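Raw work.csv, CSV, C-alpha atoms:
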chain,number,residue,atom,x,y,z
A,1,MET,CA,128.3,-42.1,-73.4
A,2,ALA,CA,132.0,-42.4,-73.9
A,3,VAL,CA,134.1,-43.7,-71.1
A,4,ARG,CA,135.9,-40.4,-70.7
A,5,GLY,CA,132.5,-38.6,-70.5
A,6,ALA,CA,131.3,-41.0,-67.8
A,7,GLU,CA,134.5,-40.5,-65.8
A,8,LEU,CA,134.1,-36.7,-65.9
A,9,THR,CA,130.4,-37.0,-64.9
A,10,ALA,CA,131.3,-39.3,-62.0
A,11,GLU,CA,134.0,-36.8,-60.9
A,12,LYS,CA,131.5,-34.0,-61.1
A,13,LEU,CA,129.0,-36.0,-59.0
A,14,LEU,CA,131.6,-36.8,-56.4
A,15,GLN,CA,132.7,-33.2,-56.1
A,16,ALA,CA,129.1,-32.0,-55.9
A,17,THR,CA,128.3,-34.5,-53.2
A,18,HIS,CA,131.5,-33.6,-51.3
A,19,GLU,CA,130.5,-29.9,-51.4
A,20,LEU,CA,126.9,-30.4,-50.4
A,21,MET,CA,127.9,-32.7,-47.5
A,22,LEU,CA,130.3,-29.9,-46.3
A,23,GLU,CA,127.7,-27.2,-46.6
A,24,HIS,CA,125.0,-29.2,-44.9
A,25,GLY,CA,127.0,-30.5,-41.9
A,26,GLY,CA,127.2,-34.0,-43.2
A,27,VAL,CA,123.5,-34.4,-44.0
A,28,GLU,CA,123.2,-36.4,-47.2
A,29,PRO,CA,122.0,-34.5,-50.2
A,30,SER,CA,119.1,-35.9,-52.3
A,31,VAL,CA,119.9,-37.3,-55.7
A,32,SER,CA,118.2,-34.3,-57.3
A,33,GLN,CA,120.1,-31.8,-55.2
A,34,LEU,CA,123.5,-33.3,-56.0
A,35,CYS,CA,122.7,-33.6,-59.7
A,36,GLU,CA,121.6,-30.0,-59.8
A,37,ARG,CA,124.9,-29.0,-58.2
A,38,ALA,CA,126.9,-31.1,-60.6
A,39,GLY,CA,124.9,-29.9,-63.6
A,40,VAL,CA,124.1,-33.4,-64.8
A,41,GLN,CA,121.0,-35.5,-65.4
A,42,VAL,CA,119.5,-37.4,-62.5
A,43,ALA,CA,119.9,-40.7,-64.3
A,44,MET,CA,123.7,-40.2,-64.2
A,45,VAL,CA,123.9,-41.3,-60.6
A,46,SER,CA,122.7,-44.8,-61.5
A,47,TYR,CA,124.7,-44.8,-64.8
A,48,CYS,CA,128.0,-43.8,-63.2
A,49,PHE,CA,127.8,-45.5,-59.8
A,50,GLY,CA,124.8,-47.9,-59.8
A,51,GLY,CA,123.0,-45.8,-57.2
A,52,LYS,CA,123.3,-43.1,-54.5
A,53,THR,CA,124.7,-45.5,-51.9
A,54,GLN,CA,127.5,-46.6,-54.2
A,55,LEU,CA,128.2,-42.9,-55.0
A,56,LEU,CA,128.5,-42.2,-51.3
A,57,GLN,CA,130.7,-45.2,-50.9
A,58,ALA,CA,133.0,-44.0,-53.7
A,59,LEU,CA,133.2,-40.6,-52.0
A,60,LEU,CA,134.2,-42.3,-48.7
A,61,ASP,CA,136.8,-44.5,-50.5
A,62,ARG,CA,138.6,-41.5,-51.8
A,63,ALA,CA,138.8,-40.0,-48.3
A,64,VAL,CA,140.1,-43.4,-46.9
A,65,GLU,CA,142.8,-43.6,-49.6
A,66,ASP,CA,144.1,-40.2,-48.8
A,67,VAL,CA,144.1,-40.8,-45.0
A,68,VAL,CA,145.8,-44.2,-45.4
A,69,ALA,CA,148.5,-42.6,-47.6
A,70,GLN,CA,149.1,-39.9,-44.9
A,71,LEU,CA,149.5,-42.5,-42.2
A,72,GLY,CA,151.9,-44.5,-44.3
A,73,ARG,CA,154.2,-41.4,-44.8
A,74,LEU,CA,154.1,-40.4,-41.1
A,75,GLY,CA,154.7,-44.0,-39.9
A,76,ALA,CA,157.7,-44.3,-42.1
A,77,ALA,CA,159.2,-40.9,-41.1
A,78,ASP,CA,162.3,-40.9,-39.0
A,79,LEU,CA,160.9,-38.9,-36.1
A,80,PRO,CA,160.6,-39.4,-32.3
A,81,PRO,CA,157.3,-40.8,-31.1
A,82,GLU,CA,156.2,-37.6,-29.4
A,83,GLU,CA,156.8,-35.6,-32.6
A,84,LYS,CA,154.9,-38.2,-34.7
A,85,LEU,CA,152.0,-38.0,-32.3
A,86,ARG,CA,152.0,-34.3,-32.4
A,87,ARG,CA,151.9,-34.3,-36.2
A,88,HIS,CA,149.3,-37.1,-36.2
A,89,VAL,CA,146.9,-35.1,-34.0
A,90,ALA,CA,147.3,-32.1,-36.4
A,91,GLY,CA,146.7,-34.5,-39.3
A,92,VAL,CA,143.6,-36.0,-37.8
A,93,ILE,CA,142.1,-32.5,-37.2
A,94,ARG,CA,143.1,-31.5,-40.8
A,95,ASN,CA,141.3,-34.5,-42.1
A,96,PHE,CA,138.1,-33.6,-40.3
A,97,VAL,CA,138.4,-30.2,-41.9
A,98,ARG,CA,138.8,-31.9,-45.3
A,99,TYR,CA,136.3,-34.7,-44.8
A,100,PRO,CA,134.0,-33.6,-42.0
A,101,TYR,CA,131.3,-36.0,-43.2
A,102,ALA,CA,133.4,-39.1,-43.5
A,103,GLN,CA,132.9,-40.7,-40.1
A,104,ARG,CA,129.1,-40.2,-40.0
A,105,LEU,CA,128.8,-41.3,-43.6
A,106,SER,CA,130.7,-44.4,-42.8
A,107,GLN,CA,128.3,-45.2,-39.9
A,108,THR,CA,125.2,-44.5,-42.1
A,109,LEU,CA,126.5,-46.8,-44.9
A,110,ALA,CA,127.4,-49.5,-42.4
A,111,ALA,CA,124.0,-49.3,-40.6
A,112,GLY,CA,122.0,-49.2,-43.9
A,113,ASP,CA,123.7,-52.2,-45.5
A,114,PRO,CA,126.0,-54.6,-43.6
A,115,ALA,CA,127.6,-55.4,-46.9
A,116,VAL,CA,129.2,-51.9,-47.0
A,117,ALA,CA,130.4,-52.2,-43.4
A,118,ARG,CA,133.8,-52.9,-45.1
A,119,THR,CA,134.4,-49.1,-45.0
A,120,ALA,CA,134.5,-49.3,-41.2
A,121,GLY,CA,137.5,-51.6,-41.5
A,122,GLN,CA,139.1,-49.6,-44.3
A,123,PHE,CA,139.1,-46.5,-42.1
A,124,ALA,CA,139.6,-47.8,-38.7
A,125,ARG,CA,142.1,-50.6,-39.2
A,126,PRO,CA,145.0,-48.5,-40.6
A,127,LEU,CA,144.5,-45.9,-37.8
A,128,LEU,CA,144.3,-48.5,-35.1
A,129,GLN,CA,147.5,-50.1,-36.4
A,130,PHE,CA,149.2,-46.8,-36.6
A,131,HIS,CA,148.2,-46.0,-33.0
A,132,ALA,CA,149.3,-49.4,-31.7
A,133,GLU,CA,152.8,-49.1,-33.4
A,134,LEU,CA,153.2,-45.5,-32.3
A,135,LEU,CA,152.2,-46.3,-28.7
A,136,ALA,CA,154.6,-49.2,-28.6
A,137,ASP,CA,157.5,-47.1,-29.9
A,138,GLY,CA,156.7,-44.3,-27.4
A,139,VAL,CA,156.5,-46.7,-24.5
A,140,ARG,CA,159.9,-48.3,-25.5
A,141,ALA,CA,161.4,-44.8,-25.8
A,142,GLY,CA,160.0,-43.8,-22.3
A,143,ALA,CA,157.9,-41.0,-23.9
A,144,PHE,CA,154.5,-42.5,-23.4
A,145,ARG,CA,152.8,-44.6,-20.6
A,146,PRO,CA,151.4,-47.9,-21.6
A,147,MET,CA,147.7,-47.9,-22.6
A,148,ASP,CA,145.1,-49.8,-24.6
A,149,PRO,CA,145.6,-48.7,-28.2
A,150,THR,CA,142.0,-49.3,-29.1
A,151,LEU,CA,140.7,-47.1,-26.3
A,152,PHE,CA,143.4,-44.5,-27.2
A,153,PHE,CA,142.3,-44.6,-30.8
A,154,PHE,CA,138.7,-43.7,-29.8
A,155,SER,CA,139.9,-41.0,-27.3
A,156,LEU,CA,142.1,-39.3,-29.8
A,157,VAL,CA,139.8,-39.4,-32.8
A,158,GLY,CA,136.9,-38.4,-30.7
A,159,ALA,CA,138.7,-35.5,-29.1
A,160,CYS,CA,139.5,-34.3,-32.7
A,161,GLU,CA,136.2,-35.2,-34.3
A,162,PHE,CA,133.6,-33.7,-32.0
A,163,LEU,CA,134.3,-30.0,-32.8
A,164,PHE,CA,133.2,-30.9,-36.4
A,165,ALA,CA,130.4,-33.3,-35.5
A,166,ALA,CA,128.9,-30.8,-33.1
A,167,GLN,CA,129.8,-27.6,-34.8
A,168,SER,CA,126.2,-26.3,-34.5
A,169,TRP,CA,127.1,-26.1,-30.7
A,170,LEU,CA,129.8,-23.6,-31.5
A,171,ASP,CA,129.2,-19.9,-31.3
A,172,GLU,CA,132.0,-19.1,-33.8
A,173,PRO,CA,132.7,-20.3,-37.3
A,174,ILE,CA,135.4,-23.0,-37.8
A,175,ASP,CA,138.0,-20.9,-39.5
A,176,GLU,CA,141.8,-21.2,-39.8
A,177,ARG,CA,142.4,-19.4,-36.5
A,178,LEU,CA,140.1,-21.7,-34.6
A,179,ILE,CA,141.6,-24.8,-36.2
A,180,GLU,CA,145.1,-23.6,-35.2
A,181,ARG,CA,144.0,-23.0,-31.6
A,182,PHE,CA,142.2,-26.3,-31.5
A,183,THR,CA,145.2,-28.2,-32.8
A,184,GLU,CA,147.5,-26.7,-30.2
A,185,HIS,CA,144.9,-27.3,-27.4
A,186,THR,CA,144.3,-30.9,-28.5
A,187,THR,CA,148.0,-31.8,-29.0
A,188,GLU,CA,148.9,-30.5,-25.6
A,189,LEU,CA,146.0,-32.3,-24.0
A,190,VAL,CA,146.8,-35.6,-25.7
A,191,LEU,CA,150.6,-35.4,-25.1
A,192,ARG,CA,150.2,-34.6,-21.5
A,193,GLY,CA,147.5,-37.3,-21.2
A,194,ILE,CA,149.8,-39.9,-22.6
A,195,SER,CA,152.9,-38.7,-20.8
A,196,PRO,CA,154.4,-41.1,-18.2
A,197,SER,CA,155.2,-38.4,-15.8
A,198,SER,CA,153.1,-36.3,-13.4
A,199,ARG,CA,149.9,-37.6,-11.7
A,200,SER,CA,150.2,-40.4,-9.1
A,201,GLN,CA,148.4,-43.3,-10.7
A,202,PRO,CA,147.8,-45.4,-7.6
A,203,ASP,CA,145.9,-42.6,-5.9
A,204,ALA,CA,143.8,-42.0,-9.1
A,205,ARG,CA,142.9,-45.7,-9.3
A,206,ALA,CA,142.2,-46.1,-5.5
A,207,ARG,CA,139.5,-43.6,-5.7
A,208,GLY,CA,137.7,-45.4,-8.6
A,209,GLY,CA,135.9,-43.9,-11.6
B,187,MET,CA,90.9,-40.3,-27.0
B,188,ALA,CA,91.1,-39.4,-23.3
B,189,VAL,CA,94.0,-37.3,-22.2
B,190,ARG,CA,95.3,-40.1,-20.1
B,191,GLY,CA,95.2,-42.5,-23.1
B,192,ALA,CA,97.0,-40.0,-25.2
B,193,GLU,CA,99.7,-39.6,-22.5
B,194,LEU,CA,100.2,-43.3,-22.4
B,195,THR,CA,100.4,-43.6,-26.1
B,196,ALA,CA,102.9,-40.7,-26.3
B,197,GLU,CA,105.0,-42.5,-23.6
B,198,LYS,CA,104.9,-45.8,-25.6
B,199,LEU,CA,106.0,-43.9,-28.7
B,200,LEU,CA,108.9,-42.2,-26.9
B,201,GLN,CA,110.0,-45.5,-25.4
B,202,ALA,CA,109.7,-47.3,-28.8
B,203,THR,CA,111.7,-44.6,-30.5
B,204,HIS,CA,114.4,-44.7,-27.7
B,205,GLU,CA,114.7,-48.5,-28.1
B,206,LEU,CA,114.9,-48.5,-31.9
B,207,MET,CA,117.5,-45.7,-31.9
B,208,LEU,CA,119.6,-47.7,-29.5
B,209,GLU,CA,119.3,-50.8,-31.5
B,210,HIS,CA,120.0,-49.2,-34.9
B,211,GLY,CA,123.0,-47.2,-33.8
B,212,GLY,CA,121.2,-43.8,-33.8
B,213,VAL,CA,119.6,-44.2,-37.2
B,214,GLU,CA,116.1,-42.8,-37.1
B,215,PRO,CA,113.3,-45.4,-37.3
B,216,SER,CA,110.5,-44.8,-39.8
B,217,VAL,CA,107.1,-43.9,-38.4
B,218,SER,CA,105.7,-47.3,-39.3
B,219,GLN,CA,108.6,-49.0,-37.5
B,220,LEU,CA,108.2,-47.1,-34.3
B,221,CYS,CA,104.4,-47.5,-34.3
B,222,GLU,CA,104.8,-51.2,-34.8
B,223,ARG,CA,107.2,-51.4,-31.9
B,224,ALA,CA,104.9,-49.2,-29.7
B,225,GLY,CA,101.9,-51.3,-30.8
B,226,VAL,CA,99.9,-48.2,-31.7
B,227,GLN,CA,98.2,-46.8,-34.9
B,228,VAL,CA,100.4,-44.9,-37.3
B,229,ALA,CA,98.1,-41.8,-36.9
B,230,MET,CA,99.1,-41.6,-33.3
B,231,VAL,CA,102.4,-39.9,-34.1
B,232,SER,CA,100.6,-36.9,-35.5
B,233,TYR,CA,97.9,-37.1,-32.8
B,234,CYS,CA,100.3,-37.1,-29.9
B,235,PHE,CA,103.2,-35.0,-31.1
B,236,GLY,CA,102.1,-33.2,-34.3
B,237,GLY,CA,104.7,-35.2,-36.3
B,238,LYS,CA,107.8,-37.3,-36.3
B,239,THR,CA,110.2,-34.4,-35.9
B,240,GLN,CA,108.3,-33.2,-32.8
B,241,LEU,CA,108.4,-36.8,-31.4
B,242,LEU,CA,112.2,-36.9,-31.9
B,243,GLN,CA,112.4,-33.4,-30.3
B,244,ALA,CA,110.4,-34.6,-27.3
B,245,LEU,CA,112.8,-37.6,-27.0
B,246,LEU,CA,115.8,-35.3,-27.0
B,247,ASP,CA,114.1,-32.9,-24.5
B,248,ARG,CA,113.8,-35.8,-22.0
B,249,ALA,CA,117.5,-36.6,-22.3
B,250,VAL,CA,118.5,-33.0,-22.0
B,251,GLU,CA,116.4,-32.6,-18.8
B,252,ASP,CA,118.1,-35.6,-17.2
B,253,VAL,CA,121.6,-34.4,-18.1
B,254,VAL,CA,121.0,-30.9,-16.9
B,255,ALA,CA,119.7,-32.2,-13.6
B,256,GLN,CA,122.9,-34.4,-13.2
B,257,LEU,CA,125.1,-31.4,-13.9
B,258,GLY,CA,123.2,-29.3,-11.3
B,259,ARG,CA,123.7,-32.0,-8.6
B,260,LEU,CA,127.4,-32.4,-9.4
B,261,GLY,CA,128.1,-28.7,-9.6
B,262,ALA,CA,126.5,-28.1,-6.2
B,263,ALA,CA,128.4,-31.0,-4.5
B,264,ASP,CA,131.1,-30.1,-2.0
B,265,LEU,CA,134.0,-31.9,-3.8
B,266,PRO,CA,137.5,-30.8,-5.0
B,267,PRO,CA,137.7,-29.9,-8.7
B,268,GLU,CA,139.7,-33.1,-9.6
B,269,GLU,CA,137.1,-35.3,-8.1
B,270,LYS,CA,134.2,-33.4,-9.7
B,271,LEU,CA,136.0,-33.8,-13.1
B,272,ARG,CA,136.5,-37.5,-12.5
B,273,ARG,CA,132.8,-38.0,-11.7
B,274,HIS,CA,131.8,-35.8,-14.6
B,275,VAL,CA,133.8,-37.8,-17.1
B,276,ALA,CA,132.2,-41.0,-15.8
B,277,GLY,CA,128.8,-39.2,-16.0
B,278,VAL,CA,129.3,-38.1,-19.6
B,279,ILE,CA,130.2,-41.7,-20.6
B,280,ARG,CA,127.2,-43.1,-18.7
B,281,ASN,CA,125.0,-40.6,-20.6
B,282,PHE,CA,126.3,-41.9,-23.9
B,283,VAL,CA,125.4,-45.4,-22.8
B,284,ARG,CA,121.9,-44.1,-21.9
B,285,TYR,CA,121.3,-41.8,-24.8
B,286,PRO,CA,123.8,-42.8,-27.5
B,287,TYR,CA,121.6,-41.2,-30.2
B,288,ALA,CA,121.2,-37.8,-28.5
B,289,GLN,CA,124.1,-35.9,-30.0
B,290,ARG,CA,123.5,-37.1,-33.6
B,291,LEU,CA,119.8,-36.6,-33.3
B,292,SER,CA,120.4,-33.0,-32.0
B,293,GLN,CA,122.5,-32.4,-35.1
B,294,THR,CA,119.9,-33.9,-37.5
B,295,LEU,CA,117.1,-31.9,-36.0
B,296,ALA,CA,119.1,-28.7,-36.1
B,297,ALA,CA,120.2,-29.3,-39.7
B,298,GLY,CA,116.7,-30.2,-40.8
B,299,ASP,CA,114.9,-27.2,-39.3
B,300,PRO,CA,116.8,-24.2,-37.9
B,301,ALA,CA,113.7,-23.5,-35.7
B,302,VAL,CA,114.6,-26.6,-33.6
B,303,ALA,CA,118.2,-25.7,-33.3
B,304,ARG,CA,117.2,-24.6,-29.8
B,305,THR,CA,118.1,-28.1,-28.8
B,306,ALA,CA,121.8,-27.4,-29.5
B,307,GLY,CA,121.7,-24.7,-26.9
B,308,GLN,CA,119.7,-26.7,-24.4
B,309,PHE,CA,122.3,-29.5,-24.5
B,310,ALA,CA,125.5,-27.6,-24.9
B,311,ARG,CA,125.0,-24.5,-22.8
B,312,PRO,CA,124.7,-26.2,-19.4
B,313,LEU,CA,127.6,-28.4,-20.2
B,314,LEU,CA,129.8,-25.5,-21.3
B,315,GLN,CA,128.8,-23.5,-18.2
B,316,PHE,CA,129.6,-26.4,-16.0
B,317,HIS,CA,133.0,-26.9,-17.7
B,318,ALA,CA,133.8,-23.1,-17.4
B,319,GLU,CA,133.1,-23.1,-13.7
B,320,LEU,CA,134.9,-26.3,-13.0
B,321,LEU,CA,138.0,-25.2,-14.9
B,322,ALA,CA,138.0,-21.9,-13.1
B,323,ASP,CA,137.7,-23.6,-9.7
B,324,GLY,CA,140.4,-26.1,-10.6
B,325,VAL,CA,142.8,-23.3,-11.8
B,326,ARG,CA,142.2,-21.4,-8.6
B,327,ALA,CA,142.9,-24.6,-6.6
B,328,GLY,CA,146.1,-25.2,-8.6
B,329,ALA,CA,144.7,-28.6,-9.7
B,330,PHE,CA,144.2,-27.6,-13.4
B,331,ARG,CA,146.2,-25.6,-15.9
B,332,PRO,CA,144.3,-22.8,-17.6
B,333,MET,CA,142.6,-23.6,-20.9
B,334,ASP,CA,139.8,-22.5,-23.2
B,335,PRO,CA,136.6,-24.0,-21.7
B,336,THR,CA,134.9,-24.2,-25.1
B,337,LEU,CA,137.8,-26.2,-26.6
B,338,PHE,CA,138.0,-28.3,-23.4
B,339,PHE,CA,134.2,-29.0,-23.7
B,340,PHE,CA,134.6,-30.4,-27.3
B,341,SER,CA,137.7,-32.4,-26.3
B,342,LEU,CA,136.1,-34.0,-23.3
B,343,VAL,CA,132.7,-34.7,-24.8
B,344,GLY,CA,134.4,-36.0,-28.0
B,345,ALA,CA,136.8,-38.3,-26.1
B,346,CYS,CA,133.8,-39.8,-24.4
B,347,GLU,CA,131.4,-39.8,-27.4
B,348,PHE,CA,133.4,-41.4,-30.2
B,349,LEU,CA,133.4,-44.9,-28.8
B,350,PHE,CA,129.6,-44.8,-29.1
B,351,ALA,CA,129.4,-42.8,-32.3
B,352,ALA,CA,131.8,-45.2,-34.1
B,353,GLN,CA,131.0,-48.4,-32.3
B,354,SER,CA,130.8,-50.3,-35.6
B,355,TRP,CA,134.6,-49.7,-35.7
B,356,LEU,CA,134.9,-51.7,-32.5
B,357,ASP,CA,135.7,-55.5,-32.5
B,358,GLU,CA,134.0,-56.1,-29.2
B,359,PRO,CA,130.5,-55.3,-27.9
B,360,ILE,CA,130.1,-52.3,-25.6
B,361,ASP,CA,129.4,-54.0,-22.3
B,362,GLU,CA,129.8,-53.1,-18.7
B,363,ARG,CA,133.4,-54.3,-18.6
B,364,LEU,CA,134.4,-52.2,-21.6
B,365,ILE,CA,132.6,-49.1,-20.2
B,366,GLU,CA,134.5,-49.5,-16.9
B,367,ARG,CA,137.8,-49.8,-18.7
B,368,PHE,CA,136.9,-46.9,-21.0
B,369,THR,CA,135.9,-44.7,-18.1
B,370,GLU,CA,139.1,-45.4,-16.2
B,371,HIS,CA,141.2,-44.8,-19.4
B,372,THR,CA,139.4,-41.5,-20.3
B,373,THR,CA,139.4,-40.2,-16.7
B,374,GLU,CA,143.2,-40.7,-16.5
B,375,LEU,CA,143.8,-39.2,-19.9
B,376,VAL,CA,141.7,-36.1,-19.2
B,377,LEU,CA,143.0,-35.6,-15.7
B,378,ARG,CA,146.6,-35.9,-16.8
B,379,GLY,CA,145.9,-33.7,-19.8
B,380,ILE,CA,144.5,-30.9,-17.7
B,381,SER,CA,147.1,-31.3,-15.0
B,382,PRO,CA,149.4,-28.3,-14.5
B,383,SER,CA,152.5,-30.4,-13.8
B,384,SER,CA,154.7,-32.4,-16.2
B,385,ARG,CA,155.4,-31.5,-19.8
B,386,SER,CA,157.5,-28.4,-20.6
B,387,GLN,CA,155.1,-26.2,-22.5
B,388,PRO,CA,157.6,-23.9,-24.2
B,389,ASP,CA,159.3,-26.8,-25.8
B,390,ALA,CA,156.0,-28.1,-27.1
B,391,ARG,CA,155.0,-24.7,-28.5
B,392,ALA,CA,158.3,-23.9,-30.1
B,393,ARG,CA,158.0,-27.0,-32.3
B,394,GLY,CA,154.6,-25.9,-33.6
B,395,GLY,CA,151.5,-28.1,-34.5

Show the structure stored in the file as structure tokens.
Amino acid sequence: MAVRGAELTAEKLLQATHELMLEHGGVEPSVSQLCERAGVQVAMVSYCFGGKTQLLQALLDRAVEDVVAQLGRLGAADLPPEEKLRRHVAGVIRNFVRYPYAQRLSQTLAAGDPAVARTAGQFARPLLQFHAELLADGVRAGAFRPMDPTLFFFSLVGACEFLFAAQSWLDEPIDERLIERFTEHTTELVLRGISPSSRSQPDARARGG
Amino acid sequence: MAVRGAELTAEKLLQATHELMLEHGGVEPSVSQLCERAGVQVAMVSYCFGGKTQLLQALLDRAVEDVVAQLGRLGAADLPPEEKLRRHVAGVIRNFVRYPYAQRLSQTLAAGDPAVARTAGQFARPLLQFHAELLADGVRAGAFRPMDPTLFFFSLVGACEFLFAAQSWLDEPIDERLIERFTEHTTELVLRGISPSSRSQPDARARGG
């Protein structure tokens, strides 16, 4: 098989896997399912990627590259911290629309083979770093209250992610309108939550959690 | 096999599955793995439950029963809405410590067989109802701003859940100290986020998401 042919076949397999993961709520398709969708021979998974795990890893790598590029652009933009956070929340939600399987797939790959746990770092590290810098900027500007960036990372991503992770719990389809409402809702919740004003913190802490 | 013996074996299998799911980050153990841990014959899974799917369903049912009982107690407690929400957030986090596999398992079972999608309703419905009532109480009391209870449900559960779902992204172990910090962090974020005071909403909306 010519190099060009192998590349096309690899692309078809990635696209078929992407589609099937979207359709099946993040459940991994079997090799035969994804080859049938791609319209290629079953042997092509091994030929192009070395195996199904490596194919899934390649799919995840593509998503990671896209997300990292987005963060780089937003981080470099000349915008106030609140506006960056607003756009970031919208971006995180949009990425879960685009790659709803990414987080779970990353966990599965990491659990199945510690050697591929690198994906965890690929995904989480740029996000964590972005959050840490944005938080520091916002605190300096008086727009945010200080908080642990790692915990904030989990709160923010979780608040965006769960609608997609648990969409079978939803009575309506995830369409454009719902995404818009959810983005507005989440942005407002996060921006209020991180705001230095309002609630009297000593009172909140005195009562314990 | 006597009924009593079958009950004990079933309990051993449930406990072994619970432990293995905890240890393996929610990845389902194989039948042979869980029977080895339980110290029972492989045939016992079919004998006691009818199959592995039904065993997993039974494991989830136990978690659901516990969570529903907790919500019932908190809902009936004579406490102001803010304090109920504070305790609820702590309770949701505590349940992810106890049953970190529950949400994902519920998705897997629902995706694998639409007939067992009933679990989705079992878990989500009491939580959604609890949130809707608590939000309405809080808005009446002037403690919360109005918001969509379904979207709030996904935000709140997601903000609590993701630390557990993505714990391979964490550089430190999830221990008591981290859970305490995370509970305080999440409670504060959610209570500020839902608070009617502070941020000027028209400004936030005008700029778009």

Interface residues on chain A facing chain B, 7 Å, all atoms listed in the file, written as a PyMOL selection string | chain A and resi 86-87+90+107+111+120-121+124+151+154-156+158-163+166+168-169+182-184+189-190+192-194+197-199+209

Would you work out the distance separating CA of Thr9 in chain A from CA of Gln70 in chain A, expressed in Å to one decimal?
-> 27.5 Å

Quick one: distance from CA of Tyr233 in chain B to CA of Ser218 in chain B in Å, one decimal?
->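 Between CA of Tyr233 in chain B and CA of Ser218 in chain B the gap works out to 14.4 Å.
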
Nearby residues (only C-alpha atoms) at most 12 Å from Leu194 in chain B, same-chain spacing under 3 positions excluded, as number ranges by chain = B: 187-191, 197-201, 224-226, 230, 234

Just how far from CA of Pro312 in chain B is CA of Val254 in chain B, in Å to one decimal?
->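 Distance reported for this atom pair: 6.5 Å.
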
Place a sphere of radius 12 Å on (159.5, -43.2, -25.1) in the file coordinates and name every protein, DNA or RNA residue with an atom inside or on its surface, counting all atoms listed in the file; give the answer as a count of residues only.
-> 25

Go ahead and find all residues with at least one atom no further than 7 Å from (131.1, -45.0, -57.4) in the file's coordinates, using only C-alpha atoms; report them as a list in words.
->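 Looking at atoms near the point gives Cys48, Phe49, Gln54, Leu55, Gln57 and Ala58 of chain A.
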
Can you pull out every residue within 12 Å of Ala69 in chain A, counting only C-alpha atoms, but drop anything in the same chain fewer than 3 positions away, and send it as a tab-separated table (two decimals) with C-alpha atoms, in the coordinates of the input?
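Below is the file part_10.tsv, written as the result:
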chain	number	residue	atom	x	y	z
A	62	ARG	CA	138.60	-41.50	-51.80
A	63	ALA	CA	138.80	-40.00	-48.30
A	64	VAL	CA	140.10	-43.40	-46.90
A	65	GLU	CA	142.80	-43.60	-49.60
A	66	ASP	CA	144.10	-40.20	-48.80
A	72	GLY	CA	151.90	-44.50	-44.30
A	73	ARG	CA	154.20	-41.40	-44.80
A	74	LEU	CA	154.10	-40.40	-41.10
A	75	GLY	CA	154.70	-44.00	-39.90
A	76	ALA	CA	157.70	-44.30	-42.10
A	91	GLY	CA	146.70	-34.50	-39.30
A	123	PHE	CA	139.10	-46.50	-42.10
A	126	PRO	CA	145.00	-48.50	-40.60
A	127	LEU	CA	144.50	-45.90	-37.80
A	130	PHE	CA	149.20	-46.80	-36.60
